[in-house]
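Quick look at structure-v2.txt (compact mmCIF, C-alpha atoms):
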```txt
# COMPACT_ATOMS: atom_id res chain seq x y z
CA MET Q 30 0.00 0.00 0.00
CA GLU Q 31 1.13 3.55 -0.74
CA ARG Q 32 2.60 5.23 2.35
CA PHE Q 33 3.00 8.96 2.85
CA THR Q 34 2.88 11.81 5.34
CA CYS Q 35 2.28 15.58 5.24
CA ASP Q 36 2.99 18.57 7.48
CA TRP Q 37 0.22 20.96 6.42
CA ILE Q 38 -2.73 19.65 8.43
CA PHE Q 39 -0.60 19.69 11.59
CA GLY Q 40 0.20 23.40 11.35
CA ILE Q 41 -1.76 25.26 8.66
CA LEU Q 42 -5.26 25.89 7.32
CA VAL Q 43 -6.07 27.63 4.02
CA VAL Q 44 -9.08 29.97 3.92
CA LEU Q 45 -10.49 30.63 0.45
CA CYS Q 46 -12.21 33.89 -0.42
CA ASP Q 47 -15.68 32.32 -0.35
CA GLY Q 48 -15.20 30.99 3.20
CA LYS Q 49 -14.34 27.43 2.29
CA VAL Q 50 -11.46 25.98 4.35
CA VAL Q 51 -8.97 23.52 2.84
CA CYS Q 52 -5.71 22.10 4.15
CA GLY Q 53 -3.21 23.04 1.45
CA CYS Q 54 -2.41 25.35 -1.44
CA ALA Q 55 -2.51 22.35 -3.83
CA ASP Q 56 -6.33 22.39 -3.79
CA PRO Q 57 -6.97 25.51 -5.88
CA ARG Q 58 -10.65 24.73 -6.55
CA GLY Q 59 -11.49 23.72 -2.99
CA GLU Q 60 -12.42 20.18 -3.97
CA ARG Q 61 -11.37 18.65 -0.61
CA PRO Q 62 -12.93 21.00 1.97
CA LEU Q 63 -12.43 20.63 5.69
CA GLY Q 64 -15.34 22.93 6.44
CA HIS Q 65 -16.93 26.29 5.66
CA LEU Q 66 -16.95 29.48 7.73
CA ARG Q 67 -20.68 29.98 7.19
CA ASP Q 68 -21.25 26.77 9.16
CA SER Q 69 -18.46 26.83 11.73
CA SER Q 70 -15.71 29.03 13.11
CA LEU Q 71 -12.15 28.53 11.88
CA GLY Q 72 -11.04 27.42 15.35
CA ALA Q 73 -13.80 24.82 15.47
CA ILE Q 74 -12.77 23.46 12.07
CA TRP Q 75 -9.17 23.23 13.30
CA ARG Q 76 -10.31 21.18 16.30
CA SER Q 77 -12.96 19.15 14.43
CA GLU Q 78 -13.11 15.36 14.35
CA HIS Q 79 -12.66 15.46 10.57
CA VAL Q 80 -9.28 17.21 10.91
CA ARG Q 81 -8.25 15.06 13.87
CA ARG Q 82 -9.03 11.90 11.90
CA ILE Q 83 -6.81 13.05 9.02
CA ARG Q 84 -3.95 13.64 11.49
CA ARG Q 85 -4.44 10.21 13.08
CA GLU Q 86 -4.38 8.50 9.69
CA LEU Q 87 -1.26 10.41 8.57
CA ASN Q 88 0.45 9.31 11.79
CA GLY Q 89 -0.32 5.79 10.56
CA GLY Q 90 1.28 6.47 7.18
CA PHE Q 91 -1.79 6.73 4.93
CA CYS Q 92 -4.92 8.88 4.59
CA GLU Q 93 -7.45 8.41 1.80
CA PHE Q 94 -8.50 12.06 2.06
CA CYS Q 95 -4.93 13.16 1.26
CA ARG Q 96 -4.22 10.68 -1.53
CA PRO Q 97 -5.05 13.05 -4.46
CA CYS Q 98 -2.98 15.91 -2.97
CA GLY Q 99 0.41 16.87 -4.40
CA LEU Q 100 1.76 18.15 -1.07
CA LYS Q 101 2.16 14.75 0.57
CA ARG Q 102 5.61 13.18 1.03
CA ALA Q 103 6.31 9.54 0.26
CA LEU Q 104 7.45 7.23 3.06
CA ALA Q 105 9.58 4.11 2.87
CA ALA Q 106 7.72 0.81 2.73
CA THR Q 107 8.82 0.00 6.28
CA GLY Q 108 9.38 2.12 9.37
CA ALA Q 109 7.12 4.37 11.40
CA ALA Q 110 5.56 7.54 10.00
CA PRO Q 111 6.43 10.83 11.76
CA GLN Q 112 4.25 11.28 14.85
CA ARG Q 113 2.61 14.66 15.49
CA PRO Q 114 -0.09 15.73 17.97
CA VAL Q 115 -3.60 14.84 16.88
CA ASP Q 116 -5.36 17.14 19.34
CA GLN Q 117 -4.32 20.77 18.91
CA GLU Q 118 -6.11 23.69 20.52
CA VAL Q 119 -4.27 26.59 18.88
CA LEU Q 120 -4.09 27.17 15.10
CA PRO Q 121 -0.55 28.46 14.40
CA ARG Q 122 -0.75 29.56 10.75
CA ILE Q 123 -3.25 30.57 8.07
CA PHE Q 124 -3.00 31.03 4.32
CA PHE Q 125 -5.74 33.58 3.66
CA GLU Q 126 -7.11 34.36 0.20
CA PRO Q 127 -8.54 37.92 0.15
CA THR Q 128 -9.77 37.51 -3.43
CA VAL Q 129 -9.53 35.13 -6.38
CA VAL Q 130 -9.52 38.09 -8.78
CA CYS Q 131 -6.25 38.93 -10.56
CA ASN Q 132 -5.21 41.84 -12.76
CA LEU Q 133 -2.88 39.63 -14.83
CA ASP Q 134 -3.33 36.57 -17.04
CA CYS Q 135 -0.23 34.50 -16.33
CA PHE Q 136 0.76 32.00 -19.02
CA GLN Q 137 -0.92 28.61 -18.40
CA ALA Q 138 -1.16 29.31 -14.67
CA VAL Q 139 -3.76 27.66 -12.43
CA CYS Q 140 -5.41 31.05 -12.05
CA SER Q 141 -5.12 32.17 -15.70
CA ARG Q 142 -8.26 33.49 -17.35
CA GLU Q 143 -8.78 30.39 -19.46
CA ALA Q 144 -8.63 28.24 -16.31
CA ASP Q 145 -11.55 30.29 -14.88
CA LEU Q 146 -10.64 29.56 -11.26
CA ALA Q 147 -13.14 32.18 -10.13
CA ALA Q 148 -15.97 29.87 -11.20
CA SER Q 149 -15.03 27.52 -8.34
CA ARG Q 150 -15.75 30.24 -5.74
CA GLU Q 151 -19.18 31.11 -4.39
CA ARG Q 152 -17.99 34.71 -4.11
CA LYS Q 153 -14.86 36.43 -5.40
CA THR Q 154 -13.83 38.51 -2.35
CA PHE Q 155 -13.75 37.97 1.41
CA PRO Q 156 -15.71 40.65 3.34
CA LEU Q 157 -13.79 42.82 5.81
CA ASP Q 158 -16.26 42.28 8.65
CA GLU Q 159 -16.00 38.49 8.30
CA PHE Q 160 -12.22 38.79 8.25
CA LYS Q 161 -12.32 40.67 11.55
CA GLU Q 162 -14.59 37.97 13.02
CA MET Q 163 -12.18 35.25 11.88
CA MET Q 164 -9.25 37.07 13.46
CA GLU Q 165 -11.20 37.55 16.68
CA ASP Q 166 -11.64 33.78 16.79
CA VAL Q 167 -8.03 32.69 16.16
CA GLY Q 168 -5.85 35.83 16.25
CA SER Q 169 -4.66 35.63 19.85
CA GLY Q 170 -2.89 32.32 19.26
CA LEU Q 171 -1.95 32.77 15.62
CA GLY Q 172 1.77 32.89 14.84
CA ARG Q 173 1.73 33.67 11.11
CA LEU Q 174 -0.75 34.85 8.49
CA ASP Q 175 0.12 34.49 4.80
CA PHE Q 176 -2.02 37.13 3.12
CA PHE Q 177 -2.34 35.56 -0.33
CA ASN Q 178 -3.30 32.34 -2.08
CA TYR Q 179 -4.77 32.49 -5.58
CA GLY Q 180 -5.59 35.84 -7.15
CA GLU Q 181 -3.80 39.13 -6.49
CA PRO Q 182 -4.30 40.17 -2.84
CA PHE Q 183 -4.28 43.91 -3.60
CA ALA Q 184 -7.11 43.47 -6.10
CA HIS Q 185 -9.28 43.34 -2.97
CA PRO Q 186 -10.50 46.93 -2.38
CA GLN Q 187 -10.00 46.60 1.40
CA ALA Q 188 -6.75 44.61 1.43
CA LEU Q 189 -4.87 47.36 3.25
CA ASP Q 190 -7.65 47.71 5.81
CA MET Q 191 -7.24 44.00 6.58
CA ILE Q 192 -3.46 44.27 6.86
CA GLU Q 193 -3.68 47.32 9.13
CA HIS Q 194 -6.27 45.58 11.29
CA VAL Q 195 -3.98 42.57 11.84
CA LYS Q 196 -0.93 44.61 12.82
CA ARG Q 197 -2.94 46.98 15.00
CA ARG Q 198 -4.93 44.36 16.91
CA TYR Q 199 -2.58 41.35 16.70
CA PRO Q 200 0.96 42.75 16.39
CA HIS Q 201 2.48 39.40 17.44
CA VAL Q 202 1.29 37.78 14.19
CA TYR Q 203 3.97 37.48 11.49
CA LEU Q 204 2.18 38.99 8.47
CA TYR Q 205 3.46 38.09 5.00
CA THR Q 206 2.13 38.80 1.52
CA SER Q 207 3.13 37.95 -2.04
CA THR Q 208 2.08 40.21 -4.90
CA ASN Q 209 2.66 40.95 -8.56
CA GLY Q 210 3.12 44.54 -7.32
CA LEU Q 211 1.25 46.30 -10.09
CA LEU Q 212 -1.62 47.66 -7.99
CA LEU Q 213 0.58 49.33 -5.36
CA ASP Q 214 0.53 53.03 -6.22
CA ARG Q 215 2.39 55.56 -4.01
CA GLN Q 216 -0.46 56.03 -1.55
CA ARG Q 217 -0.96 52.29 -1.11
CA THR Q 218 2.79 51.74 -0.81
CA ARG Q 219 2.98 54.33 1.96
CA ARG Q 220 0.14 52.68 3.87
CA LEU Q 221 1.66 49.24 3.40
CA ALA Q 222 5.03 50.33 4.81
CA GLN Q 223 3.42 52.15 7.73
CA SER Q 224 1.17 49.18 8.58
CA GLY Q 225 4.07 47.25 10.10
CA ILE Q 226 3.66 44.25 7.77
CA ASP Q 227 6.62 41.93 8.29
CA GLU Q 228 7.45 40.73 4.79
CA VAL Q 229 6.46 41.48 1.18
CA THR Q 230 7.43 39.46 -1.88
CA PHE Q 231 7.27 40.89 -5.41
CA SER Q 232 6.98 38.29 -8.19
CA ILE Q 233 8.96 39.65 -11.16
CA ASP Q 234 10.19 37.15 -13.73
CA GLY Q 235 12.37 39.08 -16.14
CA VAL Q 236 14.62 42.10 -16.66
CA ASP Q 237 13.06 43.51 -19.83
CA GLN Q 238 9.43 44.00 -20.84
CA ASP Q 239 9.34 41.36 -23.58
CA THR Q 240 10.75 38.65 -21.31
CA TYR Q 241 8.70 39.67 -18.26
CA GLU Q 242 5.34 39.65 -20.03
CA ARG Q 243 5.83 36.23 -21.61
CA TYR Q 244 4.59 34.86 -18.29
CA ARG Q 245 3.05 37.92 -16.57
CA ARG Q 246 0.72 38.70 -19.46
CA GLY Q 247 -0.71 42.21 -19.16
CA GLY Q 248 1.97 43.40 -16.74
CA SER Q 249 4.35 46.36 -16.91
CA LEU Q 250 7.92 45.75 -15.76
CA GLU Q 251 8.60 49.47 -15.45
CA ARG Q 252 5.62 49.96 -13.16
CA VAL Q 253 6.32 47.04 -10.85
CA LEU Q 254 9.98 48.02 -10.47
CA GLU Q 255 8.90 51.57 -9.61
CA ASN Q 256 6.44 50.27 -7.02
CA MET Q 257 9.03 47.97 -5.45
CA ALA Q 258 11.55 50.83 -5.30
CA SER Q 259 8.89 53.06 -3.74
CA LEU Q 260 8.29 50.53 -0.94
CA VAL Q 261 12.05 50.30 -0.30
CA ALA Q 262 12.28 54.10 -0.12
CA GLU Q 263 9.30 54.39 2.24
CA LYS Q 264 10.75 51.74 4.54
CA ARG Q 265 14.04 53.65 4.67
CA ARG Q 266 12.20 56.88 5.41
CA LEU Q 267 10.52 55.22 8.38
CA GLY Q 268 13.86 53.85 9.61
CA ARG Q 269 12.50 50.34 10.06
CA GLU Q 270 13.72 46.88 9.12
CA VAL Q 271 10.22 45.92 7.99
CA PRO Q 272 8.79 45.11 5.63
CA PHE Q 273 11.55 42.68 4.61
CA ILE Q 274 11.33 43.00 0.82
CA ASN Q 275 11.94 40.03 -1.50
CA TRP Q 276 12.22 39.95 -5.27
CA ARG Q 277 11.23 36.44 -6.34
CA TYR Q 278 12.13 35.51 -9.93
CA ILE Q 279 10.66 32.32 -11.44
CA LEU Q 280 13.17 30.74 -13.82
CA PHE Q 281 11.75 29.84 -17.24
CA ARG Q 282 13.57 28.75 -20.38
CA TRP Q 283 13.36 32.31 -21.75
CA ASN Q 284 14.73 34.20 -18.69
CA ASP Q 285 17.38 31.87 -17.22
CA SER Q 286 20.56 32.95 -19.03
CA ARG Q 287 23.51 34.05 -16.90
CA ARG Q 288 23.32 37.48 -18.52
CA GLN Q 289 19.67 37.96 -17.53
CA MET Q 290 20.24 36.66 -14.00
CA ALA Q 291 23.26 38.93 -13.56
CA ARG Q 292 21.18 41.90 -14.69
CA ALA Q 293 18.49 40.97 -12.15
CA ARG Q 294 21.18 40.99 -9.44
CA ARG Q 295 22.32 44.46 -10.48
CA LEU Q 296 18.76 45.81 -10.60
CA ALA Q 297 17.90 44.32 -7.21
CA ALA Q 298 21.03 45.79 -5.65
CA LYS Q 299 20.34 49.19 -7.17
CA ILE Q 300 16.74 49.24 -5.91
CA GLY Q 301 17.85 48.06 -2.47
CA VAL Q 302 15.63 45.04 -1.85
CA ASP Q 303 16.59 42.81 1.06
CA ARG Q 304 16.65 39.59 -0.92
CA LEU Q 305 16.62 38.28 -4.50
CA THR Q 306 15.81 34.60 -5.02
CA TRP Q 307 15.12 32.26 -7.90
CA GLU Q 308 12.11 29.96 -7.95
CA ILE Q 309 12.30 26.57 -9.68
CA THR Q 310 9.12 25.34 -11.35
CA ASP Q 311 8.19 22.41 -13.56
CA HIS Q 312 5.11 24.05 -15.05
CA PRO Q 313 4.07 24.99 -17.56
CA GLU Q 314 5.99 22.05 -19.01
CA ALA Q 315 6.86 23.88 -22.23
CA ALA Q 316 8.20 26.87 -20.31
CA ARG Q 317 10.27 25.33 -17.52
CA SER Q 318 13.98 26.02 -17.23
CA ARG Q 319 15.76 22.75 -17.86
CA ARG Q 320 19.22 23.96 -16.87
CA TYR Q 321 18.01 24.68 -13.33
CA GLN Q 322 15.74 21.70 -12.66
CA ILE Q 323 16.27 19.98 -9.31
CA GLY Q 324 19.41 17.84 -9.30
CA THR Q 325 21.13 19.51 -12.25
CA ARG Q 326 24.59 21.09 -12.04
CA GLY Q 327 23.02 24.52 -12.48
CA TRP Q 328 20.61 23.90 -9.60
CA ARG Q 329 23.43 22.85 -7.30
CA ARG Q 330 25.39 25.97 -8.24
CA ILE Q 331 22.60 28.34 -7.18
CA TYR Q 332 21.08 26.16 -4.43
CA HIS Q 333 21.45 28.74 -1.62
CA GLU Q 334 19.89 31.41 -3.87
CA ILE Q 335 16.67 29.42 -4.43
CA TRP Q 336 13.44 30.52 -2.75
CA ASP Q 337 12.63 27.18 -1.12
CA SER Q 338 16.16 26.37 0.11
CA SER Q 339 15.87 28.60 3.21
CA GLN Q 340 14.24 31.72 4.62
CA ILE Q 341 17.40 33.82 4.23
CA GLY Q 342 19.29 32.56 1.15
CA SER Q 343 19.90 35.28 -1.43
CA ALA Q 344 21.31 35.86 -4.90
CA LEU Q 345 22.63 39.27 -3.80
CA PRO Q 346 26.33 38.99 -2.87
CA GLY Q 347 26.16 42.02 -0.55
CA LYS Q 348 22.95 40.96 1.24
CA ARG Q 349 23.75 37.44 2.43
CA PHE Q 350 23.66 36.09 5.96
CA ARG Q 351 27.04 34.44 6.29
CA ALA Q 352 29.43 34.32 9.21
CA ARG Q 353 32.88 33.19 10.27
CA ILE Q 354 32.77 31.70 13.79
CA ARG Q 355 35.98 31.02 15.71
CA THR Q 356 37.02 30.11 19.25
CA ALA Q 357 40.40 29.37 20.81
CA ARG Q 358 38.97 26.33 22.62
CA ARG Q 359 39.33 22.94 20.97
CA ALA Q 360 36.73 21.40 23.28
CA VAL Q 361 34.45 22.33 26.17
CA VAL Q 362 34.87 20.25 29.34
CA ALA Q 363 32.57 20.51 32.36
CA ALA Q 364 31.49 18.50 35.39
CA PRO Q 365 27.91 17.15 35.55
CA GLY Q 366 25.52 20.00 36.32
CA GLU Q 367 28.25 22.64 35.90
CA ALA Q 368 27.45 25.68 33.79
CA THR Q 369 30.34 26.99 31.70
CA ALA Q 370 31.04 29.77 29.22
CA LEU Q 371 32.73 30.03 25.85
CA GLU Q 372 34.37 33.04 24.20
CA VAL Q 373 33.59 33.21 20.49
CA THR Q 374 34.66 35.61 17.73
CA VAL Q 375 32.13 36.19 14.94
CA ARG Q 376 32.55 38.15 11.70
CA ASN Q 377 29.87 39.28 9.22
CA LEU Q 378 30.98 37.84 5.87
CA GLY Q 379 27.72 38.20 3.96
CA GLY Q 380 27.04 41.92 4.05
CA ALA Q 381 23.44 41.77 5.29
CA PRO Q 382 23.22 43.93 8.44
CA TRP Q 383 23.15 42.07 11.76
CA LEU Q 384 20.59 43.89 13.88
CA THR Q 385 20.50 43.97 17.67
CA ALA Q 386 17.06 45.59 17.93
CA ALA Q 387 14.09 45.65 15.60
CA PHE Q 388 10.76 47.45 15.20
CA SER Q 389 9.10 44.08 14.56
CA GLY Q 390 10.81 42.25 17.41
CA ARG Q 391 12.20 39.79 14.85
CA ARG Q 392 15.21 39.30 12.59
CA TRP Q 393 17.79 40.46 15.10
CA VAL Q 394 20.92 38.31 14.96
CA ARG Q 395 22.37 36.22 17.78
CA LEU Q 396 24.90 33.44 18.20
CA GLY Q 397 23.23 30.12 18.89
CA ALA Q 398 24.54 26.85 20.29
CA GLN Q 399 22.73 23.64 19.35
CA LEU Q 400 23.31 20.53 21.46
CA HIS Q 401 23.98 17.26 19.64
CA ASP Q 402 25.07 13.81 20.74
CA GLN Q 403 28.44 12.35 19.80
CA GLY Q 404 27.02 11.17 16.47
CA ARG Q 405 25.85 14.73 15.72
CA ARG Q 406 22.18 13.89 16.17
CA LEU Q 407 20.23 16.89 17.45
CA LEU Q 408 19.27 16.87 21.13
CA GLU Q 409 18.30 20.52 21.72
CA LEU Q 410 17.99 23.12 18.97
CA ASN Q 411 17.96 26.19 21.24
CA TYR Q 412 20.49 25.10 23.85
CA ALA Q 413 22.10 28.55 24.33
CA ARG Q 414 22.15 32.07 22.84
CA ALA Q 415 24.51 35.04 22.99
CA TYR Q 416 23.65 38.65 22.10
CA LEU Q 417 25.79 40.84 19.89
CA PRO Q 418 27.33 43.84 21.71
CA ARG Q 419 26.34 46.12 18.80
CA PRO Q 420 24.97 45.88 15.24
CA LEU Q 421 27.51 44.49 12.76
CA ALA Q 422 27.80 45.61 9.14
CA GLY Q 423 29.56 43.59 6.47
CA GLY Q 424 33.18 42.85 7.39
CA GLU Q 425 32.81 43.78 11.06
CA LYS Q 426 33.48 41.37 13.91
CA ALA Q 427 32.78 41.04 17.62
CA VAL Q 428 33.80 38.85 20.54
CA LEU Q 429 30.89 37.21 22.38
CA ARG Q 430 30.49 35.18 25.55
CA ILE Q 431 27.98 32.37 25.29
CA ASP Q 432 26.83 30.78 28.56
CA LEU Q 433 26.25 27.04 28.35
CA PRO Q 434 23.80 25.45 30.83
CA GLY Q 435 25.01 22.47 32.81
CA LEU Q 436 24.18 18.94 31.71
CA THR Q 437 23.34 16.32 34.34
CA GLY Q 438 24.31 13.32 32.26
CA ALA Q 439 28.00 12.55 31.90
CA GLY Q 440 29.14 11.74 28.39
CA GLU Q 441 30.47 13.13 25.15
CA TYR Q 442 28.37 15.61 23.24
CA CYS Q 443 28.84 18.09 20.39
CA LEU Q 444 28.03 21.78 20.14
CA LYS Q 445 27.09 23.27 16.79
CA LEU Q 446 27.68 27.04 16.79
CA ASP Q 447 25.76 29.05 14.20
CA MET Q 448 24.33 32.55 13.84
CA VAL Q 449 20.55 32.87 13.72
CA SER Q 450 18.25 35.56 12.39
CA GLU Q 451 15.54 35.27 15.04
CA GLY Q 452 12.14 34.45 13.63
CA ALA Q 453 13.64 33.77 10.19
CA ASP Q 454 16.32 31.05 9.92
CA TRP Q 455 19.73 29.73 10.90
CA PHE Q 456 22.60 31.02 8.79
CA GLU Q 457 23.63 27.45 7.91
CA ASN Q 458 20.47 27.09 5.83
CA GLY Q 459 21.59 30.04 3.73
CA GLY Q 460 25.00 28.48 3.02
CA SER Q 461 27.02 29.81 5.97
CA PRO Q 462 29.62 27.50 7.60
CA VAL Q 463 29.09 26.41 11.22
CA LEU Q 464 31.57 25.50 13.95
CA TRP Q 465 31.44 22.07 15.60
CA LEU Q 466 33.02 21.69 19.03
CA PRO Q 467 33.31 18.63 21.31
CA PHE Q 468 31.47 19.03 24.61
CA ILE Q 469 32.62 16.59 27.30
CA VAL Q 470 30.81 16.18 30.58
CA ARG Q 471 32.77 14.11 33.14
```

Transcribe the structure of this file into structure tokens.
Amino acid sequence: MERFTCDWIFGILVVLCDGKVVCGCADPRGERPLGHLRDSSLGAIWRSEHVRRIRRELNGGFCEFCRPCGLKRALAATGAAPQRPVDQEVLPRIFFEPTVVCNLDCFQAVCSREADLAASRERKTFPLDEFKEMMEDVGSGLGRLDFFNYGEPFAHPQALDMIEHVKRRYPHVYLYTSTNGLLLDRQRTRRLAQSGIDEVTFSIDGVDQDTYERYRRGGSLERVLENMASLVAEKRRLGREVPFINWRYILFRWNDSRRQMARARRLAAKIGVDRLTWEITDHPEAARSRRYQIGTRGWRRIYHEIWDSSQIGSALPGKRFRARIRTARRAVVAAPGEATALEVTVRNLGGAPWLTAAFSGRRWVRLGAQLHDQGRRLLELNYARAYLPRPLAGGEKAVLRIDLPGLTGAGEYCLKLDMVSEGADWFENGGSPVLWLPFIVR
């Protein structure tokens, strides 16, 4: 029998613009609903027996409900499936679809005009008052809200009202949106920057109009670049680190030359975005970039610049999160239960600024120690942290003291020292080297 697992139902729900709730972005037409907001609250759907049964079955390695979905991950024929909690009170993350309407007609996309995705929705926009009710239900425990799904989020006439409501009433929620950027005029850009939204991604797949509009049919490259630059400028005027601004560039066979990618790097650096990444796709089949398909030499060469490889990888040489970590100690030795300290020198090699304070309360940089056993199997991800004495720009270094809690069990362990952008990712996942150190308790 086919065996598989999936992470989505254990941590995410997707709310479509007509109120239907599904469990993944791979169900664009809402054909496998978990419930509907006209019949039940989002929190009740999250805690429903239907959802709990899906989790139980996935813990067993198979779920008929999930079989048609493309998000599932295959499991080996033998061995236990990953075990996750079946009963969960708090919903940690939502993908929210403000509208299914889009101002573009992307080439052979799921939401292109010929696909007529809007016909699968009972309504085309989500009302503001219902959005506020939904947030009242789950907002206090929510960790992240992805403000997009299918359609262009800013085609909703009250999109900014929704965003402002989230950051005003639920500032702890990490608020992210992805947009084609064409509907963000100067007034909207100013409101977006001032809202406190945490992260904005612009989808721009080319460096000249002819190339760009081969996929983004009906779009203007000049306009979207102006709008992205306007958001960067407004963020700088406010003196904030948010929104963190990404330029995401889908690689197709017509825009994947080294010359075009180098020009994208130059444009991104000139505009001042925080991150440029490439996205690998296998559809439409006739358009996909073969030189950068998964497993190819080209893919390996740009791996840490790819969107899905990490939360901080970047194609911008001067905006990377990379560090050199050094210590004079060749090992840490302590008695059982004895706390000890380690002096570590760190240097910013990537150029992205290492913050020590942030408007959003996230993305400041610290030194982290992960605890592993002798075979380098993870025991405790967040074993210890050390603060930077000051912000570090590219090329700067600092000496830190990291305090290591005592361990009661005698034995040989390993410490993995890495920098971490809090709330984003470990530097290692963006291609930065780490430092391994023996940790002996005797």

Report the closest atom pair, with its distance in Å rounded to one decimal, for each residue of segment 126-218 of chain Q that has an atom no farther than 7 Å from segment 241-263 of chain Q; count only C-alpha atoms, sort by chain and then rising residue number, and write it as JSON lines.
```
{"residue": "Q:Leu133", "atom": "CA", "partner": "Q:Gly247", "partner_atom": "CA", "distance": 5.5}
{"residue": "Q:Asp134", "atom": "CA", "partner": "Q:Arg246", "partner_atom": "CA", "distance": 5.2}
{"residue": "Q:Cys135", "atom": "CA", "partner": "Q:Arg245", "partner_atom": "CA", "distance": 4.7}
{"residue": "Q:Phe136", "atom": "CA", "partner": "Q:Tyr244", "partner_atom": "CA", "distance": 4.8}
{"residue": "Q:Gly210", "atom": "CA", "partner": "Q:Val253", "partner_atom": "CA", "distance": 5.4}
{"residue": "Q:Leu211", "atom": "CA", "partner": "Q:Val253", "partner_atom": "CA", "distance": 5.2}
{"residue": "Q:Leu213", "atom": "CA", "partner": "Q:Asn256", "partner_atom": "CA", "distance": 6.2}
{"residue": "Q:Asp214", "atom": "CA", "partner": "Q:Asn256", "partner_atom": "CA", "distance": 6.6}
{"residue": "Q:Arg215", "atom": "CA", "partner": "Q:Ser259", "partner_atom": "CA", "distance": 7.0}
{"residue": "Q:Thr218", "atom": "CA", "partner": "Q:Leu260", "partner_atom": "CA", "distance": 5.6}
```

Computed interatomic separation between atom CA of Pro462 of chain Q and atom CA of Arg329 of chain Q (Å):
16.8 Å

Exercise: residues within 12 Å of coordinate (31.8, 15.4, 19.3), counting all atoms listed in the file, as a list in words
Arg359, Ala360, Val361, Val362, Leu400, His401, Asp402, Gln403, Gly404, Arg405, Arg406, Leu407, Gly440, Glu441, Tyr442, Cys443, Leu444, Lys445, Leu464, Trp465, Leu466, Pro467, Phe468, Ile469 and Val470 of chain Q

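Minimum atom-to-atom distances from Q:Leu384, Q:Cys54, Q:Ala357, Q:Val139 to Asn178 of chain Q were compared using only C-alpha atoms, and the lowest value belongs to Q:Cys54.
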
Separation of atom CA of His194 of chain Q from atom CA of Asn132 of chain Q in Å:
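These two atoms are separated by 24.4 Å.
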
Calculate, to one decimal in Å, the centre and edge lengths of the box along x, y and z of the file that holds all listed atoms of segment 286-297 of chain Q with 8 Å of margin on each side, and present them as AutoDock Vina command-line options.
```
--center_x 20.7 --center_y 39.4 --center_z -13.1 --size_x 21.6 --size_y 28.9 --size_z 27.8
```

Set the distance at 10 Å and use all atoms listed in the file: which residues neighbour Glu151 of chain Q once local chain neighbours fewer than 3 positions away are removed? I'd like the list as a JSON list (two decimals) with C-alpha atoms, in the frame of the given file.
```
[["chain", "number", "residue", "atom", "x", "y", "z"],
["Q", 45, "LEU", "CA", -10.49, 30.63, 0.45],
["Q", 46, "CYS", "CA", -12.21, 33.89, -0.42],
["Q", 47, "ASP", "CA", -15.68, 32.32, -0.35],
["Q", 48, "GLY", "CA", -15.20, 30.99, 3.20],
["Q", 49, "LYS", "CA", -14.34, 27.43, 2.29],
["Q", 147, "ALA", "CA", -13.14, 32.18, -10.13],
["Q", 148, "ALA", "CA", -15.97, 29.87, -11.20],
["Q", 154, "THR", "CA", -13.83, 38.51, -2.35]]
```

Could you tell me how far atom CA of Tyr278 of chain Q lies from atom CA of Val195 of chain Q, in Å and to one decimal?
28.0 Å

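With only C-alpha atoms taken into account, the protein and nucleic acid residues at most 8 Å from segment 300-315 of chain Q (excluding it and anything under 6 positions from it in its own chain) are Phe136, Gln137, Ala138, Met257, Ala258, Val261, Phe273, Ile274, Asn275, Trp276, Arg277, Tyr278, Ile279, Leu280, Phe281, Arg294, Tyr321, Gln322, Ile323, Glu334, Ile335, Trp336, Asp337, Ile341, Gly342, Ser343, Ala344, Leu345 and Lys348 of chain Q.
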
Next, write the just-selected residues to a file, as a compact mmCIF listing (two decimals), keeping the file's coordinate frame, keeping C-alpha atoms as the atom set.
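Generated output (result17.txt):
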```txt
# COMPACT_ATOMS: atom_id res chain seq x y z
CA PHE Q 136 0.76 32.00 -19.02
CA GLN Q 137 -0.92 28.61 -18.40
CA ALA Q 138 -1.16 29.31 -14.67
CA MET Q 257 9.03 47.97 -5.45
CA ALA Q 258 11.55 50.83 -5.30
CA VAL Q 261 12.05 50.30 -0.30
CA PHE Q 273 11.55 42.68 4.61
CA ILE Q 274 11.33 43.00 0.82
CA ASN Q 275 11.94 40.03 -1.50
CA TRP Q 276 12.22 39.95 -5.27
CA ARG Q 277 11.23 36.44 -6.34
CA TYR Q 278 12.13 35.51 -9.93
CA ILE Q 279 10.66 32.32 -11.44
CA LEU Q 280 13.17 30.74 -13.82
CA PHE Q 281 11.75 29.84 -17.24
CA ARG Q 294 21.18 40.99 -9.44
CA TYR Q 321 18.01 24.68 -13.33
CA GLN Q 322 15.74 21.70 -12.66
CA ILE Q 323 16.27 19.98 -9.31
CA GLU Q 334 19.89 31.41 -3.87
CA ILE Q 335 16.67 29.42 -4.43
CA TRP Q 336 13.44 30.52 -2.75
CA ASP Q 337 12.63 27.18 -1.12
CA ILE Q 341 17.40 33.82 4.23
CA GLY Q 342 19.29 32.56 1.15
CA SER Q 343 19.90 35.28 -1.43
CA ALA Q 344 21.31 35.86 -4.90
CA LEU Q 345 22.63 39.27 -3.80
CA LYS Q 348 22.95 40.96 1.24
```

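Residue nearest Ser461 of chain Q, chosen from Q:Phe160, Q:Phe91, Q:Phe350, Q:Trp283 and counting all atoms listed in the file: Q:Phe350.
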
Please provide as a VMD selection string all residues within 8 Å of Arg58 of chain Q, with the sequence filter that same-chain residues fewer than 6 positions apart are discarded (counting all atoms listed in the file).
chain Q and resid 146 149 to 150

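Nearest residue to Ser318 of chain Q, choosing from Q:Arg282, Q:Arg142, Q:Arg220, Q:Arg419 and counting all atoms listed in the file: Q:Arg282.
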